[in-house]
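**Q** So that you have it, the file is final-v3.cif, and it contains mmCIF, C-alpha atoms and all ligand atoms:
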data_final
#
loop_
_atom_site.label_atom_id
_atom_site.label_comp_id
_atom_site.auth_asym_id
_atom_site.auth_seq_id
_atom_site.Cartn_x
_atom_site.Cartn_y
_atom_site.Cartn_z
CA MET X 7 0.00 0.00 0.00
CA THR X 8 1.47 3.37 -1.00
CA GLY X 9 -0.91 5.58 0.94
CA ASP X 10 -2.07 7.72 -1.99
CA VAL X 11 -5.76 7.79 -2.87
CA ILE X 12 -6.73 6.00 -6.09
CA LEU X 13 -10.53 6.29 -5.74
CA ARG X 14 -12.47 8.93 -3.84
CA ALA X 15 -16.27 8.92 -3.53
CA GLU X 16 -18.00 12.02 -2.17
CA GLY X 17 -21.68 12.16 -1.28
CA LEU X 18 -22.68 9.37 -3.68
CA LYS X 19 -26.44 8.88 -3.99
CA LYS X 20 -28.50 6.55 -6.13
CA TYR X 21 -32.27 6.97 -5.98
CA TYR X 22 -34.55 4.82 -8.15
CA PRO X 23 -37.97 6.33 -8.93
CA ILE X 24 -41.07 4.39 -7.86
CA LYS X 25 -43.65 4.69 -10.63
CA THR X 26 -47.31 3.87 -10.11
CA GLY X 27 -50.62 4.16 -11.96
CA VAL X 28 -51.46 4.07 -15.65
CA ILE X 29 -49.39 7.15 -16.46
CA ARG X 30 -46.46 5.83 -14.44
CA ARG X 31 -46.26 8.86 -12.17
CA THR X 32 -43.26 9.02 -9.81
CA THR X 33 -44.64 8.63 -6.32
CA GLY X 34 -41.43 8.14 -4.37
CA HIS X 35 -37.84 6.93 -4.53
CA VAL X 36 -35.90 3.91 -3.39
CA ARG X 37 -32.78 5.37 -1.80
CA ALA X 38 -30.39 2.51 -2.55
CA VAL X 39 -27.26 4.58 -1.83
CA ASP X 40 -27.81 7.73 0.17
CA GLY X 41 -24.74 9.90 0.65
CA VAL X 42 -21.68 7.65 0.75
CA SER X 43 -18.15 9.07 1.02
CA PHE X 44 -14.86 7.19 1.32
CA GLU X 45 -11.45 6.88 -0.20
CA LEU X 46 -9.62 3.79 -1.46
CA LEU X 47 -5.84 3.84 -1.14
CA ARG X 48 -3.57 2.39 -3.82
CA GLY X 49 -2.84 -1.25 -3.05
CA GLU X 50 -5.32 -1.57 -0.17
CA THR X 51 -8.48 -3.61 0.31
CA LEU X 52 -11.57 -1.83 1.54
CA GLY X 53 -14.20 -4.28 2.77
CA VAL X 54 -17.82 -3.12 2.35
CA VAL X 55 -20.19 -5.07 4.57
CA GLY X 56 -23.89 -5.05 5.32
CA GLU X 57 -27.10 -7.06 5.20
CA SER X 58 -28.83 -7.63 1.90
CA GLY X 59 -30.60 -4.47 0.70
CA CYS X 60 -28.12 -2.08 2.36
CA GLY X 61 -26.94 -0.73 -1.03
CA LYS X 62 -23.48 -2.28 -1.21
CA SER X 63 -23.90 -3.91 -4.64
CA THR X 64 -25.45 -0.73 -6.10
CA LEU X 65 -22.44 1.14 -4.73
CA GLY X 66 -20.13 -1.40 -6.43
CA ARG X 67 -21.84 -0.83 -9.78
CA MET X 68 -21.61 2.95 -9.31
CA LEU X 69 -17.84 2.65 -8.77
CA MET X 70 -17.64 1.03 -12.24
CA ARG X 71 -20.06 3.56 -13.69
CA LEU X 72 -22.50 0.79 -14.53
CA GLU X 73 -24.95 3.09 -12.71
CA GLU X 74 -25.03 6.89 -13.04
CA PRO X 75 -25.34 8.70 -9.70
CA THR X 76 -28.34 10.73 -8.63
CA GLU X 77 -25.85 12.96 -6.84
CA GLY X 78 -22.20 12.97 -5.80
CA THR X 79 -18.77 12.67 -7.35
CA LEU X 80 -16.26 9.91 -7.95
CA ASN X 81 -12.62 10.63 -8.60
CA PHE X 82 -10.36 7.94 -10.03
CA ASP X 83 -6.64 8.63 -10.22
CA GLY X 84 -7.31 12.35 -10.64
CA ALA X 85 -10.20 12.03 -13.15
CA ASP X 86 -13.84 12.95 -12.54
CA VAL X 87 -15.38 9.56 -13.44
CA TYR X 88 -18.97 10.70 -14.10
CA SER X 89 -17.92 13.30 -16.67
CA LEU X 90 -15.56 11.04 -18.66
CA LYS X 91 -16.37 10.47 -22.33
CA GLY X 92 -15.00 8.61 -25.37
CA GLU X 93 -11.45 7.30 -25.07
CA ASP X 94 -11.14 8.45 -21.43
CA MET X 95 -14.22 6.40 -20.51
CA ARG X 96 -12.87 3.39 -22.40
CA ARG X 97 -9.66 3.71 -20.41
CA LEU X 98 -11.66 3.72 -17.17
CA ARG X 99 -13.39 0.50 -18.24
CA ARG X 100 -9.95 -1.08 -18.46
CA ASP X 101 -8.69 0.28 -15.18
CA ILE X 102 -11.67 -0.70 -13.01
CA GLN X 103 -12.90 -4.27 -13.36
CA ILE X 104 -15.39 -6.41 -11.47
CA VAL X 105 -15.60 -9.99 -10.24
CA PHE X 106 -19.19 -11.12 -9.77
CA GLN X 107 -20.74 -13.16 -7.01
CA ASP X 108 -22.01 -16.18 -8.80
CA PRO X 109 -19.46 -18.21 -10.77
CA TYR X 110 -22.33 -20.47 -11.92
CA THR X 111 -24.23 -17.80 -13.83
CA SER X 112 -21.59 -15.16 -14.65
CA LEU X 113 -19.78 -17.40 -17.18
CA ASN X 114 -21.34 -18.12 -20.57
CA PRO X 115 -21.84 -21.94 -20.66
CA ARG X 116 -21.48 -22.06 -24.46
CA LYS X 117 -18.05 -20.44 -24.55
CA THR X 118 -14.72 -22.08 -23.81
CA VAL X 119 -12.66 -20.81 -20.93
CA GLY X 120 -10.22 -19.37 -23.45
CA ASP X 121 -12.99 -17.33 -25.09
CA ILE X 122 -14.34 -16.16 -21.72
CA ILE X 123 -11.01 -14.96 -20.38
CA GLY X 124 -10.02 -13.51 -23.76
CA GLU X 125 -13.32 -11.62 -24.17
CA PRO X 126 -11.96 -8.33 -22.76
CA PHE X 127 -9.31 -8.33 -25.53
CA GLU X 128 -12.08 -8.19 -28.14
CA ILE X 129 -13.37 -4.98 -26.55
CA HIS X 130 -9.86 -3.59 -25.90
CA PRO X 131 -7.82 -5.02 -28.83
CA ASP X 132 -4.90 -2.70 -28.16
CA VAL X 133 -3.99 -4.41 -24.86
CA VAL X 134 -2.75 -7.67 -26.41
CA PRO X 135 -2.21 -8.17 -30.18
CA LYS X 136 -4.40 -10.91 -31.68
CA ALA X 137 -1.45 -13.24 -32.28
CA GLY X 138 -0.47 -13.18 -28.59
CA ARG X 139 -3.90 -13.62 -27.04
CA ARG X 140 -3.93 -17.40 -26.63
CA LYS X 141 -0.58 -17.31 -24.87
CA ARG X 142 -1.76 -14.46 -22.63
CA VAL X 143 -4.91 -16.41 -21.67
CA GLN X 144 -2.76 -19.43 -20.78
CA GLU X 145 -0.58 -17.20 -18.60
CA LEU X 146 -3.70 -15.88 -16.88
CA LEU X 147 -4.95 -19.43 -16.25
CA GLU X 148 -1.65 -20.27 -14.62
CA GLN X 149 -1.68 -17.06 -12.60
CA VAL X 150 -5.02 -18.01 -11.01
CA GLY X 151 -3.91 -21.60 -10.27
CA LEU X 152 -5.53 -23.41 -13.22
CA SER X 153 -3.88 -25.55 -15.86
CA PRO X 154 -3.15 -23.74 -19.16
CA GLU X 155 -4.09 -27.01 -20.87
CA HIS X 156 -7.72 -26.46 -19.86
CA ILE X 157 -8.09 -23.49 -22.19
CA ASN X 158 -10.55 -25.35 -24.45
CA ARG X 159 -12.81 -26.65 -21.66
CA TYR X 160 -16.27 -25.30 -20.86
CA PRO X 161 -17.40 -23.81 -17.53
CA HIS X 162 -19.45 -26.89 -16.55
CA GLN X 163 -16.24 -28.95 -16.52
CA PHE X 164 -14.94 -26.93 -13.54
CA SER X 165 -15.87 -26.83 -9.85
CA GLY X 166 -17.40 -23.70 -8.27
CA GLY X 167 -14.05 -22.52 -6.89
CA GLN X 168 -12.35 -23.08 -10.24
CA ARG X 169 -15.09 -21.14 -12.02
CA GLN X 170 -14.53 -18.22 -9.70
CA ARG X 171 -10.82 -18.42 -10.57
CA ILE X 172 -11.87 -18.11 -14.23
CA GLY X 173 -13.94 -15.02 -13.32
CA ILE X 174 -10.91 -13.55 -11.55
CA ALA X 175 -8.66 -14.30 -14.56
CA ARG X 176 -11.14 -12.40 -16.75
CA GLY X 177 -11.16 -9.56 -14.19
CA ILE X 178 -7.37 -9.10 -14.26
CA ALA X 179 -6.93 -9.71 -18.02
CA LEU X 180 -6.69 -5.99 -18.87
CA ASN X 181 -4.24 -5.20 -16.05
CA PRO X 182 -6.72 -3.08 -14.09
CA LYS X 183 -5.76 -0.88 -11.16
CA VAL X 184 -8.94 -1.48 -9.15
CA LEU X 185 -10.96 -4.68 -8.82
CA ILE X 186 -14.51 -4.52 -7.45
CA CYS X 187 -15.14 -7.92 -5.85
CA ASP X 188 -18.93 -8.20 -5.46
CA GLU X 189 -19.47 -11.05 -2.99
CA PRO X 190 -16.91 -13.18 -4.87
CA VAL X 191 -16.97 -16.07 -2.38
CA SER X 192 -20.57 -15.99 -1.09
CA ALA X 193 -21.70 -18.84 -3.36
CA LEU X 194 -18.75 -21.10 -2.43
CA ASP X 195 -18.15 -23.64 0.34
CA VAL X 196 -16.24 -22.30 3.34
CA SER X 197 -13.08 -24.32 2.56
CA VAL X 198 -13.07 -23.05 -1.02
CA GLN X 199 -13.74 -19.46 0.13
CA ALA X 200 -10.35 -19.38 1.91
CA GLN X 201 -8.55 -20.59 -1.24
CA VAL X 202 -10.13 -17.89 -3.40
CA ILE X 203 -9.36 -15.20 -0.81
CA ASN X 204 -5.74 -16.39 -0.66
CA LEU X 205 -5.58 -16.15 -4.45
CA LEU X 206 -6.93 -12.58 -4.39
CA GLU X 207 -4.30 -11.64 -1.79
CA LYS X 208 -1.53 -13.17 -3.90
CA LEU X 209 -2.69 -11.31 -7.02
CA GLN X 210 -2.92 -8.06 -5.07
CA ASN X 211 0.74 -8.35 -4.07
CA GLU X 212 1.88 -9.37 -7.54
CA LEU X 213 -0.11 -6.76 -9.47
CA ASN X 214 -0.43 -3.92 -6.91
CA LEU X 215 -4.21 -4.07 -7.22
CA SER X 216 -6.63 -2.10 -5.04
CA TYR X 217 -9.78 -3.97 -4.02
CA VAL X 218 -13.27 -2.97 -2.96
CA PHE X 219 -14.41 -6.24 -1.43
CA ILE X 220 -18.19 -6.43 -0.94
CA ALA X 221 -19.63 -9.05 1.45
CA HIS X 222 -22.63 -9.56 3.70
CA ASP X 223 -20.57 -11.19 6.40
CA LEU X 224 -17.85 -9.51 8.49
CA SER X 225 -15.98 -12.79 8.95
CA VAL X 226 -15.42 -13.10 5.19
CA VAL X 227 -13.69 -9.74 4.79
CA ARG X 228 -11.66 -9.97 8.01
CA HIS X 229 -8.58 -11.61 6.55
CA ILE X 230 -8.37 -9.62 3.36
CA SER X 231 -9.38 -6.08 4.38
CA ASP X 232 -7.09 -3.27 5.46
CA ARG X 233 -10.12 -1.13 6.28
CA VAL X 234 -13.81 -1.91 6.54
CA ALA X 235 -16.93 0.17 5.82
CA VAL X 236 -20.11 -1.14 7.46
CA MET X 237 -23.23 -0.08 5.52
CA TYR X 238 -26.80 0.15 6.74
CA LEU X 239 -29.74 1.26 4.59
CA GLY X 240 -27.70 3.11 1.98
CA LYS X 241 -25.30 4.82 4.36
CA ILE X 242 -21.97 4.04 6.00
CA ALA X 243 -22.52 3.38 9.71
CA GLU X 244 -18.86 2.86 10.63
CA LEU X 245 -15.55 3.02 8.76
CA GLY X 246 -12.14 2.19 10.15
CA ASP X 247 -9.02 0.07 10.14
CA ASP X 248 -9.49 -3.65 10.28
CA ALA X 249 -8.30 -3.89 13.92
CA GLN X 250 -10.51 -1.00 15.07
CA ILE X 251 -13.63 -2.41 13.49
CA TYR X 252 -13.12 -5.96 14.76
CA ASP X 253 -11.60 -5.28 18.18
CA HIS X 254 -13.07 -1.91 19.16
CA PRO X 255 -16.30 -1.32 17.19
CA THR X 256 -18.22 1.74 18.34
CA HIS X 257 -21.44 1.50 16.32
CA PRO X 258 -24.21 -0.73 17.74
CA TYR X 259 -24.89 -2.16 14.27
CA THR X 260 -21.25 -3.26 13.83
CA GLN X 261 -21.37 -4.77 17.31
CA ALA X 262 -24.47 -6.74 16.42
CA LEU X 263 -22.95 -8.06 13.18
CA LEU X 264 -19.76 -9.04 15.02
CA SER X 265 -21.64 -10.80 17.79
CA ALA X 266 -23.16 -13.10 15.14
CA VAL X 267 -19.81 -14.07 13.58
CA PRO X 268 -19.01 -17.70 14.43
CA VAL X 269 -15.78 -18.28 16.40
CA PRO X 270 -13.91 -21.59 16.47
CA ASP X 271 -13.63 -21.78 20.29
CA PRO X 272 -16.85 -23.27 21.81
CA GLU X 273 -16.02 -21.74 25.24
CA THR X 274 -15.87 -18.25 23.75
CA THR X 275 -19.10 -18.91 21.87
CA ARG X 276 -20.85 -19.99 25.11
CA ASN X 277 -19.71 -16.94 27.07
CA ARG X 278 -20.36 -14.47 24.33
CA HIS X 279 -23.38 -12.21 24.45
CA GLN X 280 -25.06 -12.39 21.07
CA ILE X 281 -26.96 -9.31 20.02
CA VAL X 282 -30.05 -10.37 18.10
CA LEU X 283 -31.31 -7.65 15.80
CA GLN X 284 -35.08 -7.32 15.90
CA GLY X 285 -37.04 -7.24 12.64
CA ASP X 286 -35.87 -6.79 9.08
CA VAL X 287 -34.00 -3.96 7.46
CA PRO X 288 -36.64 -1.23 6.86
CA SER X 289 -37.55 -0.34 3.27
CA PRO X 290 -35.07 2.02 1.56
CA ALA X 291 -38.16 3.63 -0.01
CA ASN X 292 -39.22 4.85 3.41
CA PRO X 293 -36.22 4.89 5.74
CA PRO X 294 -36.75 5.70 9.45
CA SER X 295 -36.32 9.32 10.57
CA GLY X 296 -33.21 10.41 12.46
CA CYS X 297 -30.78 7.51 12.77
CA ARG X 298 -31.87 4.85 10.28
CA PHE X 299 -30.88 2.14 12.70
CA HIS X 300 -33.05 3.39 15.59
CA THR X 301 -35.93 0.97 14.91
CA ARG X 302 -33.58 -1.97 15.62
CA CYS X 303 -31.02 -0.45 17.99
CA TRP X 304 -31.03 -1.56 21.63
CA ARG X 305 -29.15 1.61 22.66
CA ALA X 306 -31.57 4.05 21.03
CA GLN X 307 -32.50 7.23 22.95
CA PRO X 308 -35.19 9.81 22.08
CA ILE X 309 -32.71 11.92 20.07
CA CYS X 310 -32.03 8.96 17.77
CA SER X 311 -35.46 9.08 16.12
CA THR X 312 -35.32 12.83 15.45
CA THR X 313 -31.71 13.75 14.69
CA GLU X 314 -29.55 12.02 12.14
CA PRO X 315 -26.03 11.25 13.39
CA GLN X 316 -23.23 12.19 10.97
CA LEU X 317 -20.30 9.98 10.08
CA VAL X 318 -17.64 11.75 12.13
CA GLU X 319 -14.21 10.84 13.44
CA HIS X 320 -13.86 9.44 16.94
CA ASP X 321 -10.64 8.81 18.79
CA ASP X 322 -11.43 6.18 21.37
CA GLY X 323 -7.85 5.54 22.44
CA HIS X 324 -7.43 2.82 19.81
CA GLY X 325 -6.88 5.19 16.88
CA THR X 326 -9.22 7.33 14.85
CA HIS X 327 -12.14 5.97 12.89
CA ARG X 328 -15.52 7.19 11.70
CA SER X 329 -18.84 6.25 13.23
CA ALA X 330 -22.39 7.56 12.64
CA CYS X 331 -23.86 7.24 16.15
CA HIS X 332 -24.77 9.86 18.78
CA PHE X 333 -23.35 7.55 21.44
CA ALA X 334 -20.38 6.08 19.60
CA GLU X 335 -18.05 4.43 22.07
CA PRO X 336 -16.53 1.01 22.49
CA PHE X 337 -18.71 -1.00 24.84
CA VAL X 338 -19.54 -4.55 25.75
CA PRO X 339 -23.31 -5.09 25.70
CA ALA X 340 -24.67 -6.08 29.11
CA SER X 341 -25.41 -9.78 29.35
FE1 LIG T 401 -28.39 3.44 18.01
FE2 LIG T 401 -28.92 5.99 18.44
FE3 LIG T 401 -26.45 5.27 17.80
FE4 LIG T 401 -28.40 5.18 15.99
S1 LIG T 401 -27.59 7.02 16.97
S2 LIG T 401 -26.88 3.63 16.37
S3 LIG T 401 -30.15 4.55 17.24
S4 LIG T 401 -27.57 4.70 19.66
#
Is it possible to express this structure as C-alpha cells?
Ligand code: SF4
**A**
Amino acid sequence: MTGDVILRAEGLKKYYPIKTGVIRRTTGHVRAVDGVSFELLRGETLGVVGESGCGKSTLGRMLMRLEEPTEGTLNFDGADVYSLKGEDMRRLRRDIQIVFQDPYTSLNPRKTVGDIIGEPFEIHPDVVPKAGRRKRVQELLEQVGLSPEHINRYPHQFSGGQRQRIGIARGIALNPKVLICDEPVSALDVSVQAQVINLLEKLQNELNLSYVFIAHDLSVVRHISDRVAVMYLGKIAELGDDAQIYDHPTHPYTQALLSAVPVPDPETTRNRHQIVLQGDVPSPANPPSGCRFHTRCWRAQPICSTTEPQLVEHDDGHGTHRSACHFAEPFVPAS
C-alpha cells in the first residue's frame, strides 16, 4: 500500500424512482445509496459489509459507472469519473474491473474458458495483439492456479471454486488498477472461500491491485481487508481500520454483526453475548427518521429518532475511525 488515494467517492447517492398508476407517475424513490463518502488507497483492500438491501452492490456498480449517480462525485486517479467520455471512458473501463458473485451464472456456458477470459481483448484489442492472445490467456490461467491445458474446456467442466478463478482471470486480463469484488466467495463452500481469498491476496501483491471487497458477512472480509466500511440502509454506519472495526467497534450495528460471527472456540461462543437484531432492514423507499438504525437499535434514545447522526471521526484511544452514532463508544453489551 502506498498511501495515496486512487478512488475517492463524495456524497454518492442513487435513488430509483417508484412509478405507479397508468401514467407511471413518480410517487417516491428507493434510496439505494444515500450519501456515501470514502477513499480507497492504492494497493489496499476496503471491505464493504452489510445485510442484503443495504446498497453495497449498487455502490459497487456505481464505482464502475454501470450506474449513473443521482448525486455525488467519484474521482479515479485524478479524473472525474462521471464526466468522462469517449477514449477516457474506455480507459476507465480497463482500469476498473469487477468480479461477480455467482461463478455459476456469470460465465457463458457455451463459450470455452479461453474465449471467456479472452473476451476483454475483443473490446480492448490494443492491450494484447491478436497473435499473442492465446498465450496471454494461458498465462492468466496459470496465474489463477488453473492448468493452461484447460483453455478449451467449458465452464461446466470446472468446480465452483475453479469457475470463480476463471472469473478472476477475466477480471485481471486488462491489467486493471482497481478490482470490485462483489461477494466473490458468497456462493462457495467455506473451505473453497479461503482458497479464493488467498488467491486474491496473492494477485494483489503481484499486481499492486486495489480492491473494494463487498460481502454480507464480516468474517469473510476480516482476513483480506485493510479497512472496513459497514453499511446500513444506503449509508456508512462505521468506517475504520481492520483492527478498530473488529476489536473496538463503536457502532451498535457493527457490534451486532460481530456478535453473530461464528468463532472456532466453543467456550468463547458460550460466554459471548449475542446481540439479536429485531425485525428486518426497513424499506429504503421509506427509511426511518433520524438515525436509520433506531428501529432496531437496543441503545436508542429519544434523540435517535429525530436527529440524524453524521459519520464523524472518533478517537477512542485505539486510533481514529468514523462512526455515525450519537453515542459512539466502544462497549460490551450487558449480558
Ligand atoms: Fe443506536 Fe442511536 Fe447510535 Fe443510531 S444514533 S446507532 S439509534 S444509539
**Q** Can you pull out every residue with an atom within 10 Å of ligand LIG 401 (chain T)? Use all atoms listed in the file and format it as a compact mmCIF listing (two decimals) with C-alpha atoms, in the coordinates of the input.
**A**
# COMPACT_ATOMS: atom_id res chain seq x y z
CA ALA X 243 -22.52 3.38 9.71
CA GLU X 244 -18.86 2.86 10.63
CA THR X 256 -18.22 1.74 18.34
CA HIS X 257 -21.44 1.50 16.32
CA PRO X 258 -24.21 -0.73 17.74
CA TYR X 259 -24.89 -2.16 14.27
CA THR X 260 -21.25 -3.26 13.83
CA GLY X 296 -33.21 10.41 12.46
CA CYS X 297 -30.78 7.51 12.77
CA ARG X 298 -31.87 4.85 10.28
CA PHE X 299 -30.88 2.14 12.70
CA HIS X 300 -33.05 3.39 15.59
CA THR X 301 -35.93 0.97 14.91
CA ARG X 302 -33.58 -1.97 15.62
CA CYS X 303 -31.02 -0.45 17.99
CA TRP X 304 -31.03 -1.56 21.63
CA ARG X 305 -29.15 1.61 22.66
CA ALA X 306 -31.57 4.05 21.03
CA GLN X 307 -32.50 7.23 22.95
CA PRO X 308 -35.19 9.81 22.08
CA ILE X 309 -32.71 11.92 20.07
CA CYS X 310 -32.03 8.96 17.77
CA SER X 311 -35.46 9.08 16.12
CA THR X 312 -35.32 12.83 15.45
CA THR X 313 -31.71 13.75 14.69
CA GLU X 314 -29.55 12.02 12.14
CA PRO X 315 -26.03 11.25 13.39
CA GLN X 316 -23.23 12.19 10.97
CA SER X 329 -18.84 6.25 13.23
CA ALA X 330 -22.39 7.56 12.64
CA CYS X 331 -23.86 7.24 16.15
CA HIS X 332 -24.77 9.86 18.78
CA PHE X 333 -23.35 7.55 21.44
CA ALA X 334 -20.38 6.08 19.60
CA GLU X 335 -18.05 4.43 22.07
**Q** Between CA of Ser231 in chain X and CA of Pro126 in chain X, what is the distance in Å, rounded to a tenth?
**A**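 According to the coordinates, CA of Ser231 in chain X and CA of Pro126 in chain X are separated by 27.4 Å.
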**Q** Between X:Glu50, X:Glu57, X:Asp94, X:Glu212, which has the minimum distance to Val150 in chain X (counting only C-alpha atoms)?
**A** X:Glu212
**Q** I want to know what sits within 12 Å of Ile251 in chain X, based on only C-alpha atoms, with residues of the same chain fewer than 4 positions away left out; could you give that as a short mmCIF file (atom, residue, chain, number, x, y, z; two decimals) with C-alpha atoms, in the coordinates of the input?
**A**
data_model
loop_
_atom_site.label_atom_id
_atom_site.label_comp_id
_atom_site.auth_asym_id
_atom_site.auth_seq_id
_atom_site.Cartn_x
_atom_site.Cartn_y
_atom_site.Cartn_z
CA GLY X 53 -14.20 -4.28 2.77
CA VAL X 54 -17.82 -3.12 2.35
CA VAL X 55 -20.19 -5.07 4.57
CA LEU X 224 -17.85 -9.51 8.49
CA SER X 225 -15.98 -12.79 8.95
CA VAL X 227 -13.69 -9.74 4.79
CA ARG X 228 -11.66 -9.97 8.01
CA SER X 231 -9.38 -6.08 4.38
CA ASP X 232 -7.09 -3.27 5.46
CA ARG X 233 -10.12 -1.13 6.28
CA VAL X 234 -13.81 -1.91 6.54
CA ALA X 235 -16.93 0.17 5.82
CA VAL X 236 -20.11 -1.14 7.46
CA ALA X 243 -22.52 3.38 9.71
CA GLU X 244 -18.86 2.86 10.63
CA LEU X 245 -15.55 3.02 8.76
CA GLY X 246 -12.14 2.19 10.15
CA ASP X 247 -9.02 0.07 10.14
CA PRO X 255 -16.30 -1.32 17.19
CA THR X 256 -18.22 1.74 18.34
CA HIS X 257 -21.44 1.50 16.32
CA PRO X 258 -24.21 -0.73 17.74
CA TYR X 259 -24.89 -2.16 14.27
CA THR X 260 -21.25 -3.26 13.83
CA GLN X 261 -21.37 -4.77 17.31
CA LEU X 263 -22.95 -8.06 13.18
CA LEU X 264 -19.76 -9.04 15.02
CA ASP X 322 -11.43 6.18 21.37
CA HIS X 324 -7.43 2.82 19.81
CA GLY X 325 -6.88 5.19 16.88
CA THR X 326 -9.22 7.33 14.85
CA HIS X 327 -12.14 5.97 12.89
CA ARG X 328 -15.52 7.19 11.70
CA SER X 329 -18.84 6.25 13.23
CA GLU X 335 -18.05 4.43 22.07
CA PRO X 336 -16.53 1.01 22.49
#
**Q** Give me, as JSON lines, each residue of range 119-165 of chain X that comes within 12 Å of range 176-187 of chain X, together with its shortest interatomic pair and the distance in Å at one decimal, counting all atoms listed in the file, with rows ordered by chain and rising residue number.
**A**
{"residue": "X:Val119", "atom": "CA", "partner": "X:Arg176", "partner_atom": "CA", "distance": 9.5}
{"residue": "X:Gly120", "atom": "CA", "partner": "X:Arg176", "partner_atom": "CA", "distance": 9.7}
{"residue": "X:Asp121", "atom": "CA", "partner": "X:Arg176", "partner_atom": "CA", "distance": 9.9}
{"residue": "X:Ile122", "atom": "CA", "partner": "X:Arg176", "partner_atom": "CA", "distance": 7.0}
{"residue": "X:Ile123", "atom": "CA", "partner": "X:Arg176", "partner_atom": "CA", "distance": 4.4}
{"residue": "X:Gly124", "atom": "CA", "partner": "X:Arg176", "partner_atom": "CA", "distance": 7.2}
{"residue": "X:Glu125", "atom": "CA", "partner": "X:Arg176", "partner_atom": "CA", "distance": 7.8}
{"residue": "X:Pro126", "atom": "CA", "partner": "X:Leu180", "partner_atom": "CA", "distance": 7.0}
{"residue": "X:Phe127", "atom": "CA", "partner": "X:Leu180", "partner_atom": "CA", "distance": 7.5}
{"residue": "X:Glu128", "atom": "CA", "partner": "X:Leu180", "partner_atom": "CA", "distance": 10.9}
{"residue": "X:Ile129", "atom": "CA", "partner": "X:Leu180", "partner_atom": "CA", "distance": 10.2}
{"residue": "X:His130", "atom": "CA", "partner": "X:Leu180", "partner_atom": "CA", "distance": 8.1}
{"residue": "X:Pro131", "atom": "CA", "partner": "X:Leu180", "partner_atom": "CA", "distance": 10.1}
{"residue": "X:Asp132", "atom": "CA", "partner": "X:Leu180", "partner_atom": "CA", "distance": 10.0}
{"residue": "X:Val133", "atom": "CA", "partner": "X:Leu180", "partner_atom": "CA", "distance": 6.8}
{"residue": "X:Val134", "atom": "CA", "partner": "X:Leu180", "partner_atom": "CA", "distance": 8.7}
{"residue": "X:Arg139", "atom": "CA", "partner": "X:Ala179", "partner_atom": "CA", "distance": 10.3}
{"residue": "X:Arg140", "atom": "CA", "partner": "X:Ala179", "partner_atom": "CA", "distance": 11.9}
{"residue": "X:Arg142", "atom": "CA", "partner": "X:Ala179", "partner_atom": "CA", "distance": 8.4}
{"residue": "X:Val143", "atom": "CA", "partner": "X:Ala179", "partner_atom": "CA", "distance": 7.9}
{"residue": "X:Gln144", "atom": "CA", "partner": "X:Ala179", "partner_atom": "CA", "distance": 10.9}
{"residue": "X:Glu145", "atom": "CA", "partner": "X:Ala179", "partner_atom": "CA", "distance": 9.8}
{"residue": "X:Leu146", "atom": "CA", "partner": "X:Ala179", "partner_atom": "CA", "distance": 7.1}
{"residue": "X:Leu147", "atom": "CA", "partner": "X:Arg176", "partner_atom": "CA", "distance": 9.4}
{"residue": "X:Gln149", "atom": "CA", "partner": "X:Ile178", "partner_atom": "CA", "distance": 9.9}
{"residue": "X:Val150", "atom": "CA", "partner": "X:Ile178", "partner_atom": "CA", "distance": 9.8}
**Q** Using C-alpha atoms, can you export the residues from the last selection as a CSV table (one decimal), in the coordinates of the input?
**A**
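Once written, result-v5.csv looks like this:
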chain,number,residue,atom,x,y,z
X,119,VAL,CA,-12.7,-20.8,-20.9
X,120,GLY,CA,-10.2,-19.4,-23.4
X,121,ASP,CA,-13.0,-17.3,-25.1
X,122,ILE,CA,-14.3,-16.2,-21.7
X,123,ILE,CA,-11.0,-15.0,-20.4
X,124,GLY,CA,-10.0,-13.5,-23.8
X,125,GLU,CA,-13.3,-11.6,-24.2
X,126,PRO,CA,-12.0,-8.3,-22.8
X,127,PHE,CA,-9.3,-8.3,-25.5
X,128,GLU,CA,-12.1,-8.2,-28.1
X,129,ILE,CA,-13.4,-5.0,-26.6
X,130,HIS,CA,-9.9,-3.6,-25.9
X,131,PRO,CA,-7.8,-5.0,-28.8
X,132,ASP,CA,-4.9,-2.7,-28.2
X,133,VAL,CA,-4.0,-4.4,-24.9
X,134,VAL,CA,-2.8,-7.7,-26.4
X,139,ARG,CA,-3.9,-13.6,-27.0
X,140,ARG,CA,-3.9,-17.4,-26.6
X,142,ARG,CA,-1.8,-14.5,-22.6
X,143,VAL,CA,-4.9,-16.4,-21.7
X,144,GLN,CA,-2.8,-19.4,-20.8
X,145,GLU,CA,-0.6,-17.2,-18.6
X,146,LEU,CA,-3.7,-15.9,-16.9
X,147,LEU,CA,-5.0,-19.4,-16.2
X,149,GLN,CA,-1.7,-17.1,-12.6
X,150,VAL,CA,-5.0,-18.0,-11.0
**Q** Any chance you could work out the axis-aligned box around range 253-267 of chain X, listed atoms only, 8 Å on each side, giving centre and edge lengths in Å to one decimal, as JSON?
**A**
{"center_x": -18.2, "center_y": -6.2, "center_z": 16.2, "size_x": 29.3, "size_y": 31.8, "size_z": 22.0}
**Q** Give me the residues near Asp86 in chain X as an NGL selection string, where near means some atom within 12 Å (using all atoms listed in the file) and where sequence neighbours in that chain fewer than 2 positions away do not count.
**A** :X and (12-16 or 69 or 71 or 78-84 or 88-91 or 94-95 or 98)
**Q** Kindly export the residues of the current selection with C-alpha atoms, as a compact mmCIF listing (two decimals), in the coordinates of the input.
**A**
# COMPACT_ATOMS: atom_id res chain seq x y z
CA ILE X 12 -6.73 6.00 -6.09
CA LEU X 13 -10.53 6.29 -5.74
CA ARG X 14 -12.47 8.93 -3.84
CA ALA X 15 -16.27 8.92 -3.53
CA GLU X 16 -18.00 12.02 -2.17
CA LEU X 69 -17.84 2.65 -8.77
CA ARG X 71 -20.06 3.56 -13.69
CA GLY X 78 -22.20 12.97 -5.80
CA THR X 79 -18.77 12.67 -7.35
CA LEU X 80 -16.26 9.91 -7.95
CA ASN X 81 -12.62 10.63 -8.60
CA PHE X 82 -10.36 7.94 -10.03
CA ASP X 83 -6.64 8.63 -10.22
CA GLY X 84 -7.31 12.35 -10.64
CA TYR X 88 -18.97 10.70 -14.10
CA SER X 89 -17.92 13.30 -16.67
CA LEU X 90 -15.56 11.04 -18.66
CA LYS X 91 -16.37 10.47 -22.33
CA ASP X 94 -11.14 8.45 -21.43
CA MET X 95 -14.22 6.40 -20.51
CA LEU X 98 -11.66 3.72 -17.17
